[in-house]
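J.: Quick one: the structure is below, questions incoming.
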Amino acid sequence: MKIESKITEAVKAIVEELYGQQVPDSMVQLQQTRPEFEGQITIVVFPFTRMSHKAPDATAMEIGERLVERLPEVVSKFNAVKGFLNLSISSRQWIEMLQDIYANPKFGFTPVTDHSPLVMIEYSSPNTNKPLHLGHVRNNLLGWALAQVMEANGNKVVKTNIVNDRGIHICKSMLAWLKWGNGETPETSGKKGDHLIGDYYVAFDKHYREEVKELMAQGMDEEQAKQEAPLIKEAHEMLVKWEQNDPEVRGLWRQMNEWVYAGFDETYKALGVSFDKIYYESETYLEGKEKVEEGLAKGLFYRRDDGSVWADLTKEGLDEKLLLRSDGTSVYMTQDIGTAKLRFQDYPIDKMIYVVGNEQNYHFQVLSILLDKLGFKWGKDLVHFSYGMVELPNGKMKSREGTVVDADDLIATMIQDAKELSADKVNKLEGISEQEAQEIARIVGMGALKYFILKVDARKNMLFNPEESIDFNGNTGPFIQYTYARIRSILRKAGGVPSVALSTQQTELAEKEISLIQRLQGFETAVRQAGQDYNPSCIANYCYDLVKEYNQFYHDFSVLHEEDEKKRHLRIVLSAAVGQVVKNGMGLLGIEVPERM
Ligand code: ARG
């Protein structure tokens, strides 16, 4: 039984003995003892003063005395401070706790069963006309971490992606490629497919802008010029042909999308993310139209004179929302309705989480209401996991266009930086091959990037600073990874973790050892909190606190050189347990930890 449960039970019995009243579990409020007081677990005594008719401290004292009598193996000492009863828990209990934590490789995680709720998490969701950028990096890292956190909280998780593969944006790239591409392919150009397509998108824009300028010079106003430019007209014609299933347009579209997906896959792999099911807008937008027609027939929506279809959300305090244009074509919202329909057909979804930037807050507010009206049971409570912008400090890694930070460039730079920074250290590691050095650089570079982004509250805008992120000291991924590698090195030197059970009898623990075990126990709470609040940064900050505390312990105590065998043994297990929890915690964030670095 957990220490907390033993105490709760004993306190209930004592209150009944002393005051003749039965109290519910919830009345026994336990907290972690504040650092300025002696003890580890604190009972809030105020609720019992009404029954004792005594002052808070006197009440605390009499409960404390009985507790020590009743649970001598658990509570070794107590003190009362202003209605708070601080308990010192015996070393023996902490050692048992440590034993339990170490024996459970999944400590802190709730197992997933057949009856677990199904949570679908959508993240990434790129458009197919350009490569992934820094914003997508934040999205992908958050989405992946959130999926791990939800699973660790006992949910079945389906990771999904909606690829916006259709529409005018991709036609622009296609048209530019036809005009100026000379049949160029990823193979002939040596470019990643997504970059190739992105370059043609940029080329389209450049020529288009020139045409607009030209028309304006001839006296046309800007609005009209933007519509009349031959290039945009041609792109629109192409979109119409696409919708009509024109074989040539569709063939080219398929070919170019394949290139893009191959490129995306490389980036996803480098980021360490994946999906269980990918949806494509080209396959969902017609479903969306159908759903809207259905809603129209049910009187949920209305048609205007020009034929366009709208939802009136003024009763909900929002405005009127276009669902189908007058020419019958669909809009972004229509696609999302269709995608929801397919997803719901494919999975028994209990909760749907969309990881999408906060510039789409309004879109998801509307989507939630529309899905609810259309009868999706998870529509009303859909979660828009809305995250803030991420930028690099000025002047760093601006792309060709000068605005966007390319994801592949960023990843390569992080790994290169890690390699250069750790070159000295790595060389000192004996017998390390070039291949292993490269692998360590990858783990550390990616760890720096991921941790720096994930330690921040997702809702906040943030600045990603590569130099700061890769620092081996402070609240960084590499600092945590380094501590892990140090623990692994200790365990290697110890020849592994002793397999005999810890002696719970004869070892008195020092304060620092106790607080470290208590910190380990806190992993459970951190995982739960992260799941309840949809907040992976809880896990990041927990890992940092744990590692800081371990380093203090390691600084103050010897592990391998401790003469007392029982103590040495315990400290080795303690180190191993910290390593295990760090690895699991960082794993929830999608961050690997190296055996050496
Ligand atoms: N592809 C869209 C964009 O780049 C994001 C899609 C978000 N997901 C959704 N279900 N609407 O803006």
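Residue names in the structure tokens use chain letters A, B, ... in the order shown, residue numbers from 1 in each chain, and ligand numbers from 1 in the order shown.
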Set the cut-off to 8 Å, count only C-alpha atoms and all ligand atoms, and list whatever residues fall near ligand 1 as a list in words.

T.: Glu122, Tyr123, Ser124, Ser125, Pro126, Asn127, Asn161, Ile162, Val163, Asn164, Tyr332, Met333, Gln335, Asp336, Thr339, Tyr354, Val355, Val356, Gln360, His363 and Phe364 of chain A

J.: Find the spatial neighbours of Ile517 of chain A, counting only C-alpha atoms, within a cut-off of 7 Å - ignore same-chain residues fewer than 3 positions away - and output them as number ranges by chain.

T.: A: 94, 98, 513-514, 520-521

J.: Leaving out Ala10 of chain A and any residue of its chain fewer than 6 positions from it, which residues lie within 8 Å of it when counting only C-alpha atoms, given as a PyMOL selection string?

T.: chain A and resi 67+70-71

J.: Got time to write the residues from that selection, all heavy atoms, as a PDB file, in the first residue's frame?

T.:
```pdb
ATOM      1  N   LEU A  67      -0.592   8.666  15.861  1.00  0.00           N
ATOM      2  CA  LEU A  67      -0.065   8.164  14.581  1.00  0.00           C
ATOM      3  C   LEU A  67       1.243   7.400  14.782  1.00  0.00           C
ATOM      4  O   LEU A  67       1.456   6.341  14.189  1.00  0.00           O
ATOM      5  CB  LEU A  67       0.180   9.325  13.616  1.00  0.00           C
ATOM      6  CG  LEU A  67      -0.825   9.555  12.500  1.00  0.00           C
ATOM      7  CD1 LEU A  67      -0.423  10.771  11.675  1.00  0.00           C
ATOM      8  CD2 LEU A  67      -0.939   8.336  11.587  1.00  0.00           C
ATOM      9  N   ARG A  70       0.407   4.100  16.254  1.00  0.00           N
ATOM     10  CA  ARG A  70      -0.328   3.218  15.359  1.00  0.00           C
ATOM     11  C   ARG A  70       0.510   2.735  14.178  1.00  0.00           C
ATOM     12  O   ARG A  70       0.370   1.590  13.735  1.00  0.00           O
ATOM     13  CB  ARG A  70      -1.548   3.970  14.842  1.00  0.00           C
ATOM     14  CG  ARG A  70      -2.599   3.115  14.192  1.00  0.00           C
ATOM     15  CD  ARG A  70      -3.788   3.969  13.813  1.00  0.00           C
ATOM     16  NE  ARG A  70      -4.852   3.858  14.792  1.00  0.00           N
ATOM     17  CZ  ARG A  70      -5.814   2.932  14.728  1.00  0.00           C
ATOM     18  NH1 ARG A  70      -5.837   2.076  13.737  1.00  0.00           N
ATOM     19  NH2 ARG A  70      -6.758   2.873  15.631  1.00  0.00           N
ATOM     20  N   LEU A  71       1.354   3.641  13.633  1.00  0.00           N
ATOM     21  CA  LEU A  71       2.157   3.288  12.455  1.00  0.00           C
ATOM     22  C   LEU A  71       3.646   3.470  12.748  1.00  0.00           C
ATOM     23  O   LEU A  71       4.321   4.274  12.100  1.00  0.00           O
ATOM     24  CB  LEU A  71       1.776   4.179  11.257  1.00  0.00           C
ATOM     25  CG  LEU A  71       0.384   4.081  10.649  1.00  0.00           C
ATOM     26  CD1 LEU A  71       0.216   5.126   9.541  1.00  0.00           C
ATOM     27  CD2 LEU A  71       0.133   2.687  10.088  1.00  0.00           C
TER      28      LEU A  71
END
```

J.: Do a neighbour search on Asp564 of chain A at 12 Å with only C-alpha atoms, toss out local chain neighbours closer than 5 positions, and write the hits as a PyMOL selection string.

T.: chain A and resi 506-508+558-559+569-571

J.: Leaving out segment 374-382 of chain A and any residue of its chain fewer than 3 positions from it, which residues lie within 7 Å of it when counting only C-alpha atoms, given as number ranges by chain?

T.: A: 295, 350-353, 368-371

J.: For each of A:His133, A:Arg254, A:Lys321, A:His53, take the minimum atom-to-atom distance to Leu392 of chain A, counting only C-alpha atoms, then give the residue where this is smallest.

T.: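 Of all the options, A:His133 lies closest to Leu392 of chain A.
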
J.: Once DSSP has gone over the backbone, tell me which residues of segment 119-288 of chain A are in alpha helix (DSSP H), as an MDAnalysis selection string.

T.: chainID A and resid 134:152 168:180 186:189 193:217 222:228 230:243 247:271 281:288

J.: For each of A:Glu228, A:Lys269, A:Ser189, A:Met120, take the minimum atom-to-atom distance to Val383 of chain A, counting only C-alpha atoms, then give the residue where this is smallest.

T.: A:Met120

J.: Could you list, as a ChimeraX atom specification, every residue within 10 Å of Asp545 of chain A, counting only C-alpha atoms and ignoring same-chain residues fewer than 6 positions away?

T.: /A:475,480,519,539,551

J.: Just all heavy atoms for this one: save the residues we selected as a PDB file, in the first residue's frame.

T.:
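Full text of part25.pdb as output:
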```
ATOM      1  N   ASN A 475      18.495  24.730 -17.627  1.00  0.00           N
ATOM      2  CA  ASN A 475      17.273  24.001 -17.952  1.00  0.00           C
ATOM      3  C   ASN A 475      17.243  23.645 -19.441  1.00  0.00           C
ATOM      4  O   ASN A 475      16.477  24.208 -20.213  1.00  0.00           O
ATOM      5  CB  ASN A 475      16.070  24.858 -17.553  1.00  0.00           C
ATOM      6  CG  ASN A 475      14.770  24.074 -17.614  1.00  0.00           C
ATOM      7  OD1 ASN A 475      14.759  22.889 -17.935  1.00  0.00           O
ATOM      8  ND2 ASN A 475      13.664  24.742 -17.318  1.00  0.00           N
ATOM      9  N   ILE A 480      20.078  17.516 -19.105  1.00  0.00           N
ATOM     10  CA  ILE A 480      19.385  16.329 -18.606  1.00  0.00           C
ATOM     11  C   ILE A 480      19.991  15.066 -19.217  1.00  0.00           C
ATOM     12  O   ILE A 480      20.232  14.069 -18.528  1.00  0.00           O
ATOM     13  CB  ILE A 480      17.873  16.436 -18.899  1.00  0.00           C
ATOM     14  CG1 ILE A 480      17.306  17.642 -18.137  1.00  0.00           C
ATOM     15  CG2 ILE A 480      17.141  15.153 -18.512  1.00  0.00           C
ATOM     16  CD1 ILE A 480      15.891  18.012 -18.515  1.00  0.00           C
ATOM     17  N   ARG A 519      10.943  12.855  -4.683  1.00  0.00           N
ATOM     18  CA  ARG A 519      10.890  13.500  -6.003  1.00  0.00           C
ATOM     19  C   ARG A 519      10.564  12.454  -7.075  1.00  0.00           C
ATOM     20  O   ARG A 519       9.767  12.698  -7.970  1.00  0.00           O
ATOM     21  CB  ARG A 519      12.224  14.168  -6.286  1.00  0.00           C
ATOM     22  CG  ARG A 519      12.356  14.775  -7.649  1.00  0.00           C
ATOM     23  CD  ARG A 519      11.613  16.068  -7.824  1.00  0.00           C
ATOM     24  NE  ARG A 519      12.179  17.122  -7.006  1.00  0.00           N
ATOM     25  CZ  ARG A 519      11.630  18.325  -6.860  1.00  0.00           C
ATOM     26  NH1 ARG A 519      10.509  18.620  -7.479  1.00  0.00           N
ATOM     27  NH2 ARG A 519      12.208  19.238  -6.102  1.00  0.00           N
ATOM     28  N   ILE A 539       6.076  17.760 -17.742  1.00  0.00           N
ATOM     29  CA  ILE A 539       7.023  16.650 -17.747  1.00  0.00           C
ATOM     30  C   ILE A 539       8.450  17.184 -17.905  1.00  0.00           C
ATOM     31  O   ILE A 539       9.379  16.748 -17.228  1.00  0.00           O
ATOM     32  CB  ILE A 539       6.723  15.674 -18.907  1.00  0.00           C
ATOM     33  CG1 ILE A 539       5.278  15.164 -18.827  1.00  0.00           C
ATOM     34  CG2 ILE A 539       7.706  14.516 -18.924  1.00  0.00           C
ATOM     35  CD1 ILE A 539       5.007  14.213 -17.705  1.00  0.00           C
ATOM     36  N   ASN A 551      21.827  15.672  -9.102  1.00  0.00           N
ATOM     37  CA  ASN A 551      23.183  16.212  -9.167  1.00  0.00           C
ATOM     38  C   ASN A 551      23.654  16.732  -7.808  1.00  0.00           C
ATOM     39  O   ASN A 551      24.813  16.586  -7.452  1.00  0.00           O
ATOM     40  CB  ASN A 551      23.285  17.301 -10.235  1.00  0.00           C
ATOM     41  CG  ASN A 551      23.338  16.687 -11.631  1.00  0.00           C
ATOM     42  OD1 ASN A 551      23.826  15.571 -11.807  1.00  0.00           O
ATOM     43  ND2 ASN A 551      22.818  17.389 -12.614  1.00  0.00           N
TER      44      ASN A 551
END
```
